[in-house]
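Visitor: I'd like to ask you about the structure that follows.
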Amino acid sequence: MSQLCHPRRLRLVTATAEERFDAEVYRRRLARAAVLTGKAGLDALIVSPGPDLRYLTGSRADTFERLTALVIPAAGTPRLVIARLELASVRDSAVSELDIDVVDWVDGDDAHALAVAGLPTPAAVAVSESMPALHLVPIADRLGATPVLATPVLRQMRMIKDDNEVEALRRAGAAIDRVHARMGEWLRPGRTEADVAADIGEAIVAEGHTAPEFIIVGSGPNGADPHHEQSERVIQPDDIVVIDIGGPVEPGYNSDSTRTYCFAQPNDDRARAYAALELAQRTAVAAVRPGVTAEKVDAAAREVLVDAGFGENFIHRTGHGIGLSVHEEPYIVSGNDLVLEAGMAFSIEPGVYFPGQWGARIEDIVIVTDDGCEPVNVRPHELVVL
């Protein structure tokens with residue numbers, strides 16, 4: 001079609017430095033993505049809106065029934081296929097400053113054919129994991145082959161944070177620490193979990209996030225559910241309360257930190273369980289360094305709790321990667337023999353859970369350094385008595 005033969009450069013108002021990185025950051029990422037695509041034996045990557053597209057271009061575009069896709073060939077110029085009426089959705093990205101051909105289309109055009117135009121038939125193509133079936137199926141039909149996931153290619157890039165990303169994660173960590181430091185303003189007996197969560201949400205924004213991504217207020221027995229959010233349960237004076245909160249700071253990098261609170265000194269059984277948890281979290285953080293596998297870090301936390309008699313009360317992995325997504329690779333879990341490298345960022349968050357009674361979790365985000373790791377969360381780890 002004529003659009004493909006004569007692609008144009010996008011001229012739109014660009015975002016501020018706070019909203020995305022300098023265009024040169026994305027230029028380097030696109031170039032590396034093309035190299036890794038070729039090394040993987042692929043003809044191209046096709047990236048739909050989501051964290052991968054934001055990582056590669058700074059775009060915050062959403063997925064709709066109309067196709068938006070960045071096509072990165074192993075050799076040649078990337079192109080962005082996008083509906084003409086959606087062009088404004090990439091105005092805050094770096095697209096207009098990058099060597100990307102913009103192929104816009106209107107209703108009635110075959111957008112999926114535009115995405116695969118110029119590729120061999122059949123082609124070896126990888127697609128981002130956020131691509132909906134609405135677009136994946138017709139793209140596969142026009143390719144004459146089933147695409148594979150681009151995750152193995154893109155995770156090599158996204159797992160290793162550059163200096164810009166590390167600084168964004170530090171700012172996110174400091175911002176969520178400031179929220180935890182204010183917990184005594186809202187968390188008290190007689191209030192509902194939902195009331196506390198509402199106040200926390202306002203504070204998350206006030207302390208520098210663009211929005212709260214998640215707020216867990218798990219009081220009493222609800223604290224034994226790691227993914228409880230909040231409810232109308234009234235917080236009681238003898239409760240232990242798990243507060244797990246986070247959200248993005250510009251340009252989209254997330255915080256995630258958990259602390260556990262109470263209103264009176266815990267009894268001996270609770271104190272003993274929490275002391276084991278604190279040691280497990282500290283031991284896992286100390287185990288993080290380049291050359292160690294992800295599963296070894298998980299084992300460091302798990303062994304402490306097993307030895308203390310609480311192995312069955314630790315029911316999830318020790319951590320998850322973080323960046324433009326709250327949960328991304330690497331995952332700190334048994335069976336993951338991935339070797340840690342400097343620049344990886346992930347949570348260390350062991351927990352102990354006693355169904356129907358109470359739970360506790362301690363979570364920091366850490367960044368792997370040349371000789372260990374840097375926690376970006378520095379709030380006290382002990383059971384905080386408010």
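Each chain in the structure tokens gets a letter, A, B, ..., in the order shown, and its residues are numbered from 1; ligands are numbered from 1 in order too.
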Can you tell me, as a list in words, what residues are no more than 10 Å from stretch 22-25 of chain A when counting only C-alpha atoms, ignoring any on the same chain fewer than 3 positions away?
Guide: Ala15, Thr16, Ala17, Glu18, Glu19, Arg28, Arg29, Leu30, Tyr55, Leu56, Thr57, Gly58, Ser93, Ala94, Val95, Ser96, Glu97, Leu98, Asp162 and Asn164 of chain A
Visitor: Among stretch 71-304 of chain A, which residues carry a DSSP assignment of strand (DSSP E), reported as a compact mmCIF listing (two decimals) with N, CA, C and O atoms, in the first residue's frame?
Guide:
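Result file is out.txt:
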# COMPACT_ATOMS: atom_id res chain seq x y z
N VAL A 71 7.35 -2.85 14.40
CA VAL A 71 8.01 -3.96 13.72
C VAL A 71 9.51 -3.67 13.67
O VAL A 71 9.93 -2.67 13.09
N ILE A 72 10.29 -4.54 14.31
CA ILE A 72 11.74 -4.37 14.35
C ILE A 72 12.37 -5.50 13.56
O ILE A 72 12.46 -6.64 14.04
N PRO A 73 12.80 -5.24 12.33
CA PRO A 73 13.43 -6.30 11.55
C PRO A 73 14.86 -6.55 12.03
O PRO A 73 15.50 -5.67 12.61
N ARG A 79 9.51 0.02 11.81
CA ARG A 79 8.34 0.81 11.42
C ARG A 79 7.25 0.64 12.46
O ARG A 79 7.11 -0.42 13.07
N LEU A 80 6.50 1.70 12.64
CA LEU A 80 5.36 1.69 13.56
C LEU A 80 4.09 1.71 12.73
O LEU A 80 3.84 2.67 11.99
N VAL A 81 3.33 0.65 12.84
CA VAL A 81 2.04 0.56 12.15
C VAL A 81 0.98 1.01 13.15
O VAL A 81 0.82 0.42 14.22
N ILE A 82 0.23 2.06 12.79
CA ILE A 82 -0.69 2.65 13.74
C ILE A 82 -1.85 3.31 13.01
O ILE A 82 -1.67 3.90 11.93
N ALA A 83 -3.04 3.17 13.56
CA ALA A 83 -4.21 3.83 12.97
C ALA A 83 -4.01 5.34 13.00
O ALA A 83 -3.52 5.90 13.98
N ASP A 101 10.04 4.40 10.73
CA ASP A 101 9.06 4.76 9.72
C ASP A 101 7.67 4.59 10.32
O ASP A 101 7.34 3.54 10.87
N VAL A 102 6.86 5.61 10.21
CA VAL A 102 5.48 5.56 10.71
C VAL A 102 4.55 5.25 9.55
O VAL A 102 4.47 6.00 8.58
N VAL A 103 3.88 4.12 9.64
CA VAL A 103 2.95 3.68 8.61
C VAL A 103 1.55 3.78 9.21
O VAL A 103 1.13 2.93 9.98
N ASP A 104 0.85 4.85 8.88
CA ASP A 104 -0.48 5.03 9.45
C ASP A 104 -1.53 4.50 8.48
O ASP A 104 -1.34 4.47 7.27
N TRP A 105 -2.63 4.05 9.04
CA TRP A 105 -3.67 3.44 8.23
C TRP A 105 -5.03 3.93 8.70
O TRP A 105 -5.16 4.50 9.79
N VAL A 125 9.06 -14.92 13.16
CA VAL A 125 8.71 -13.67 13.84
C VAL A 125 8.41 -13.97 15.29
O VAL A 125 7.80 -14.99 15.63
N ALA A 126 8.81 -13.05 16.16
CA ALA A 126 8.46 -13.12 17.58
C ALA A 126 7.57 -11.94 17.92
O ALA A 126 7.78 -10.83 17.40
N VAL A 127 6.58 -12.15 18.77
CA VAL A 127 5.67 -11.08 19.17
C VAL A 127 5.74 -10.88 20.67
O VAL A 127 6.05 -11.80 21.43
N VAL A 148 6.49 -16.85 17.60
CA VAL A 148 6.90 -17.26 18.93
C VAL A 148 6.89 -16.02 19.82
O VAL A 148 6.73 -14.90 19.35
N LEU A 149 7.05 -16.24 21.11
CA LEU A 149 7.10 -15.10 22.04
C LEU A 149 8.45 -14.39 21.93
O LEU A 149 9.50 -15.03 21.82
N PHE A 214 -1.04 -0.82 43.42
CA PHE A 214 -1.69 -1.82 44.27
C PHE A 214 -1.55 -1.38 45.72
O PHE A 214 -0.59 -0.70 46.09
N ILE A 215 -2.53 -1.76 46.53
CA ILE A 215 -2.52 -1.46 47.96
C ILE A 215 -3.08 -2.68 48.68
O ILE A 215 -4.26 -3.01 48.53
N ILE A 216 -2.25 -3.33 49.45
CA ILE A 216 -2.67 -4.46 50.28
C ILE A 216 -2.66 -4.01 51.74
O ILE A 216 -1.63 -3.57 52.24
N VAL A 217 -3.81 -4.10 52.37
CA VAL A 217 -3.93 -3.87 53.81
C VAL A 217 -4.54 -5.15 54.37
O VAL A 217 -5.75 -5.36 54.33
N GLY A 218 -3.67 -6.03 54.86
CA GLY A 218 -4.11 -7.33 55.35
C GLY A 218 -4.04 -7.38 56.87
O GLY A 218 -2.98 -7.58 57.44
N SER A 219 -5.17 -7.20 57.51
CA SER A 219 -5.19 -7.16 58.98
C SER A 219 -5.64 -8.51 59.54
O SER A 219 -6.49 -9.19 58.97
N ILE A 240 -2.02 -8.03 63.74
CA ILE A 240 -0.81 -7.75 62.97
C ILE A 240 -1.29 -7.42 61.56
O ILE A 240 -2.18 -8.09 61.02
N VAL A 241 -0.73 -6.38 60.96
CA VAL A 241 -1.23 -5.88 59.68
C VAL A 241 -0.11 -5.83 58.65
O VAL A 241 0.95 -5.22 58.88
N VAL A 242 -0.34 -6.48 57.52
CA VAL A 242 0.61 -6.47 56.41
C VAL A 242 0.24 -5.35 55.45
O VAL A 242 -0.90 -5.28 54.97
N ILE A 243 1.20 -4.47 55.18
CA ILE A 243 0.98 -3.37 54.24
C ILE A 243 1.96 -3.53 53.08
O ILE A 243 3.18 -3.35 53.24
N ASP A 244 1.43 -3.86 51.92
CA ASP A 244 2.23 -4.07 50.70
C ASP A 244 1.73 -3.07 49.67
O ASP A 244 0.58 -3.14 49.23
N ILE A 245 2.58 -2.13 49.27
CA ILE A 245 2.13 -1.01 48.44
C ILE A 245 3.17 -0.68 47.38
O ILE A 245 4.36 -0.97 47.52
N GLY A 246 2.70 -0.06 46.30
CA GLY A 246 3.63 0.38 45.26
C GLY A 246 2.91 1.08 44.13
O GLY A 246 1.68 1.11 44.05
N PRO A 248 4.00 3.41 40.06
CA PRO A 248 5.04 3.92 39.18
C PRO A 248 5.42 5.37 39.47
O PRO A 248 4.58 6.17 39.87
N VAL A 249 6.69 5.67 39.28
CA VAL A 249 7.16 7.05 39.20
C VAL A 249 7.62 7.28 37.77
O VAL A 249 7.99 6.33 37.07
N TYR A 253 8.65 3.58 36.19
CA TYR A 253 9.31 2.52 36.96
C TYR A 253 8.68 2.40 38.34
O TYR A 253 8.40 3.39 39.00
N ASN A 254 8.47 1.15 38.77
CA ASN A 254 7.61 0.87 39.90
C ASN A 254 8.34 0.70 41.23
O ASN A 254 9.49 0.23 41.28
N SER A 257 7.02 -2.33 48.13
CA SER A 257 7.63 -2.55 49.44
C SER A 257 6.58 -2.98 50.45
O SER A 257 5.47 -2.43 50.46
N THR A 258 6.95 -3.95 51.27
CA THR A 258 6.04 -4.46 52.29
C THR A 258 6.67 -4.31 53.67
O THR A 258 7.84 -4.64 53.85
N ARG A 259 5.88 -3.81 54.60
CA ARG A 259 6.25 -3.80 56.01
C ARG A 259 5.06 -4.32 56.81
O ARG A 259 3.91 -4.27 56.36
N THR A 260 5.34 -4.81 58.00
CA THR A 260 4.31 -5.40 58.85
C THR A 260 4.22 -4.61 60.15
O THR A 260 5.25 -4.27 60.75
N TYR A 261 2.99 -4.32 60.58
CA TYR A 261 2.74 -3.42 61.70
C TYR A 261 1.84 -4.09 62.74
O TYR A 261 1.09 -5.03 62.45
N CYS A 262 1.91 -3.57 63.97
CA CYS A 262 1.00 -4.02 65.02
C CYS A 262 0.80 -2.86 66.00
O CYS A 262 1.39 -1.78 65.83
Visitor: Using DSSP on the backbone coordinates, identify all residues within stretch 58-115 of chain A classified as alpha helix (DSSP H); present the result as a list in words.
Guide: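 Here are the alpha helix (DSSP H) residues of stretch 58-115 of chain A: Ala111, His112, Ala113, Leu114 and Ala115 of chain A.
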Visitor: Which is closer to A:Thr318 than all the others in A:Glu295, A:Glu165, A:Glu349, A:Glu303, using only C-alpha atoms?
Guide: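 Among A:Glu295, A:Glu165, A:Glu349, A:Glu303, it is A:Glu349 that comes nearest to A:Thr318.
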Visitor: Can you build me a table of stretch 27-110 of chain A residues sitting at most 12 Å from stretch 324-335 of chain A, with the closest atom pair per residue and its distance in Å to one decimal, using only C-alpha atoms, sorted by chain and residue number, as a tab-separated table?
Guide:
residue	atom	partner	partner_atom	distance
A:Gly50	CA	A:Leu324	CA	9.3
A:Pro51	CA	A:Leu324	CA	5.9
A:Asp52	CA	A:Leu324	CA	8.5
A:Leu53	CA	A:Leu324	CA	10.4
A:Arg54	CA	A:Leu324	CA	8.0
A:Tyr55	CA	A:Leu324	CA	7.5
A:Leu56	CA	A:Leu324	CA	11.3
A:Gly58	CA	A:Leu324	CA	10.6
A:Ser59	CA	A:Leu324	CA	11.8
A:Arg60	CA	A:Leu324	CA	11.1
Visitor: Could the residues in this selection be saved with all heavy atoms as a PDB file, in the first residue's frame?
Guide:
ATOM      1  N   GLY A  50       2.300  -1.853  25.450  1.00  0.00           N
ATOM      2  CA  GLY A  50       2.558  -2.513  26.723  1.00  0.00           C
ATOM      3  C   GLY A  50       3.964  -2.176  27.192  1.00  0.00           C
ATOM      4  O   GLY A  50       4.631  -1.302  26.621  1.00  0.00           O
ATOM      5  N   PRO A  51       4.440  -2.856  28.207  1.00  0.00           N
ATOM      6  CA  PRO A  51       5.755  -2.534  28.764  1.00  0.00           C
ATOM      7  C   PRO A  51       6.899  -2.639  27.762  1.00  0.00           C
ATOM      8  O   PRO A  51       7.840  -1.838  27.818  1.00  0.00           O
ATOM      9  CB  PRO A  51       5.916  -3.557  29.894  1.00  0.00           C
ATOM     10  CG  PRO A  51       4.523  -3.940  30.261  1.00  0.00           C
ATOM     11  CD  PRO A  51       3.734  -3.887  29.002  1.00  0.00           C
ATOM     12  N   ASP A  52       6.836  -3.601  26.837  1.00  0.00           N
ATOM     13  CA  ASP A  52       7.922  -3.745  25.867  1.00  0.00           C
ATOM     14  C   ASP A  52       7.982  -2.548  24.927  1.00  0.00           C
ATOM     15  O   ASP A  52       9.067  -2.032  24.626  1.00  0.00           O
ATOM     16  CB  ASP A  52       7.760  -5.031  25.056  1.00  0.00           C
ATOM     17  CG  ASP A  52       8.006  -6.285  25.890  1.00  0.00           C
ATOM     18  OD1 ASP A  52       8.832  -6.221  26.825  1.00  0.00           O
ATOM     19  OD2 ASP A  52       7.364  -7.310  25.623  1.00  0.00           O
ATOM     20  N   LEU A  53       6.828  -2.090  24.451  1.00  0.00           N
ATOM     21  CA  LEU A  53       6.814  -0.930  23.570  1.00  0.00           C
ATOM     22  C   LEU A  53       7.273   0.315  24.317  1.00  0.00           C
ATOM     23  O   LEU A  53       7.998   1.157  23.776  1.00  0.00           O
ATOM     24  CB  LEU A  53       5.414  -0.712  22.993  1.00  0.00           C
ATOM     25  CG  LEU A  53       5.301   0.416  21.957  1.00  0.00           C
ATOM     26  CD1 LEU A  53       6.154   0.130  20.739  1.00  0.00           C
ATOM     27  CD2 LEU A  53       3.836   0.628  21.547  1.00  0.00           C
ATOM     28  N   ARG A  54       6.872   0.438  25.569  1.00  0.00           N
ATOM     29  CA  ARG A  54       7.316   1.584  26.356  1.00  0.00           C
ATOM     30  C   ARG A  54       8.826   1.532  26.578  1.00  0.00           C
ATOM     31  O   ARG A  54       9.513   2.555  26.524  1.00  0.00           O
ATOM     32  CB  ARG A  54       6.587   1.618  27.699  1.00  0.00           C
ATOM     33  CG  ARG A  54       6.827   2.912  28.462  1.00  0.00           C
ATOM     34  CD  ARG A  54       5.837   3.088  29.585  1.00  0.00           C
ATOM     35  NE  ARG A  54       5.988   4.381  30.217  1.00  0.00           N
ATOM     36  CZ  ARG A  54       5.238   4.821  31.213  1.00  0.00           C
ATOM     37  NH1 ARG A  54       4.255   4.073  31.683  1.00  0.00           N
ATOM     38  NH2 ARG A  54       5.437   6.020  31.748  1.00  0.00           N
ATOM     39  N   TYR A  55       9.359   0.334  26.807  1.00  0.00           N
ATOM     40  CA  TYR A  55      10.799   0.187  26.998  1.00  0.00           C
ATOM     41  C   TYR A  55      11.559   0.598  25.738  1.00  0.00           C
ATOM     42  O   TYR A  55      12.615   1.238  25.829  1.00  0.00           O
ATOM     43  CB  TYR A  55      11.119  -1.276  27.331  1.00  0.00           C
ATOM     44  CG  TYR A  55      12.584  -1.569  27.492  1.00  0.00           C
ATOM     45  CD1 TYR A  55      13.238  -1.320  28.691  1.00  0.00           C
ATOM     46  CD2 TYR A  55      13.323  -2.089  26.435  1.00  0.00           C
ATOM     47  CE1 TYR A  55      14.598  -1.572  28.836  1.00  0.00           C
ATOM     48  CE2 TYR A  55      14.679  -2.349  26.567  1.00  0.00           C
ATOM     49  CZ  TYR A  55      15.302  -2.093  27.773  1.00  0.00           C
ATOM     50  OH  TYR A  55      16.656  -2.335  27.904  1.00  0.00           O
ATOM     51  N   LEU A  56      11.039   0.270  24.576  1.00  0.00           N
ATOM     52  CA  LEU A  56      11.756   0.498  23.329  1.00  0.00           C
ATOM     53  C   LEU A  56      11.581   1.900  22.764  1.00  0.00           C
ATOM     54  O   LEU A  56      12.452   2.381  22.030  1.00  0.00           O
ATOM     55  CB  LEU A  56      11.307  -0.529  22.287  1.00  0.00           C
ATOM     56  CG  LEU A  56      11.716  -1.976  22.588  1.00  0.00           C
ATOM     57  CD1 LEU A  56      10.917  -2.930  21.721  1.00  0.00           C
ATOM     58  CD2 LEU A  56      13.213  -2.172  22.386  1.00  0.00           C
ATOM     59  N   GLY A  58       9.388   4.567  24.680  1.00  0.00           N
ATOM     60  CA  GLY A  58       8.786   5.513  25.609  1.00  0.00           C
ATOM     61  C   GLY A  58       7.297   5.693  25.391  1.00  0.00           C
ATOM     62  O   GLY A  58       6.674   6.535  26.050  1.00  0.00           O
ATOM     63  N   SER A  59       6.691   4.909  24.513  1.00  0.00           N
ATOM     64  CA  SER A  59       5.276   5.069  24.189  1.00  0.00           C
ATOM     65  C   SER A  59       4.387   4.516  25.290  1.00  0.00           C
ATOM     66  O   SER A  59       4.619   3.433  25.814  1.00  0.00           O
ATOM     67  CB  SER A  59       4.945   4.360  22.877  1.00  0.00           C
ATOM     68  OG  SER A  59       3.548   4.313  22.675  1.00  0.00           O
ATOM     69  N   ARG A  60       3.320   5.260  25.590  1.00  0.00           N
ATOM     70  CA  ARG A  60       2.314   4.819  26.551  1.00  0.00           C
ATOM     71  C   ARG A  60       1.031   4.395  25.854  1.00  0.00           C
ATOM     72  O   ARG A  60      -0.025   4.318  26.480  1.00  0.00           O
ATOM     73  CB  ARG A  60       2.004   5.954  27.528  1.00  0.00           C
ATOM     74  CG  ARG A  60       3.226   6.461  28.267  1.00  0.00           C
ATOM     75  CD  ARG A  60       2.910   7.797  28.953  1.00  0.00           C
ATOM     76  NE  ARG A  60       4.124   8.389  29.503  1.00  0.00           N
ATOM     77  CZ  ARG A  60       4.294   8.694  30.774  1.00  0.00           C
ATOM     78  NH1 ARG A  60       3.334   8.484  31.645  1.00  0.00           N
ATOM     79  NH2 ARG A  60       5.421   9.228  31.197  1.00  0.00           N
TER      80      ARG A  60
END
Visitor: What does the structure give for the distance between atom CA of A:Val116 and atom CA of A:Met131, in Å to one decimal?
Guide: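 Separating atom CA of A:Val116 from atom CA of A:Met131 is a distance of 14.8 Å.
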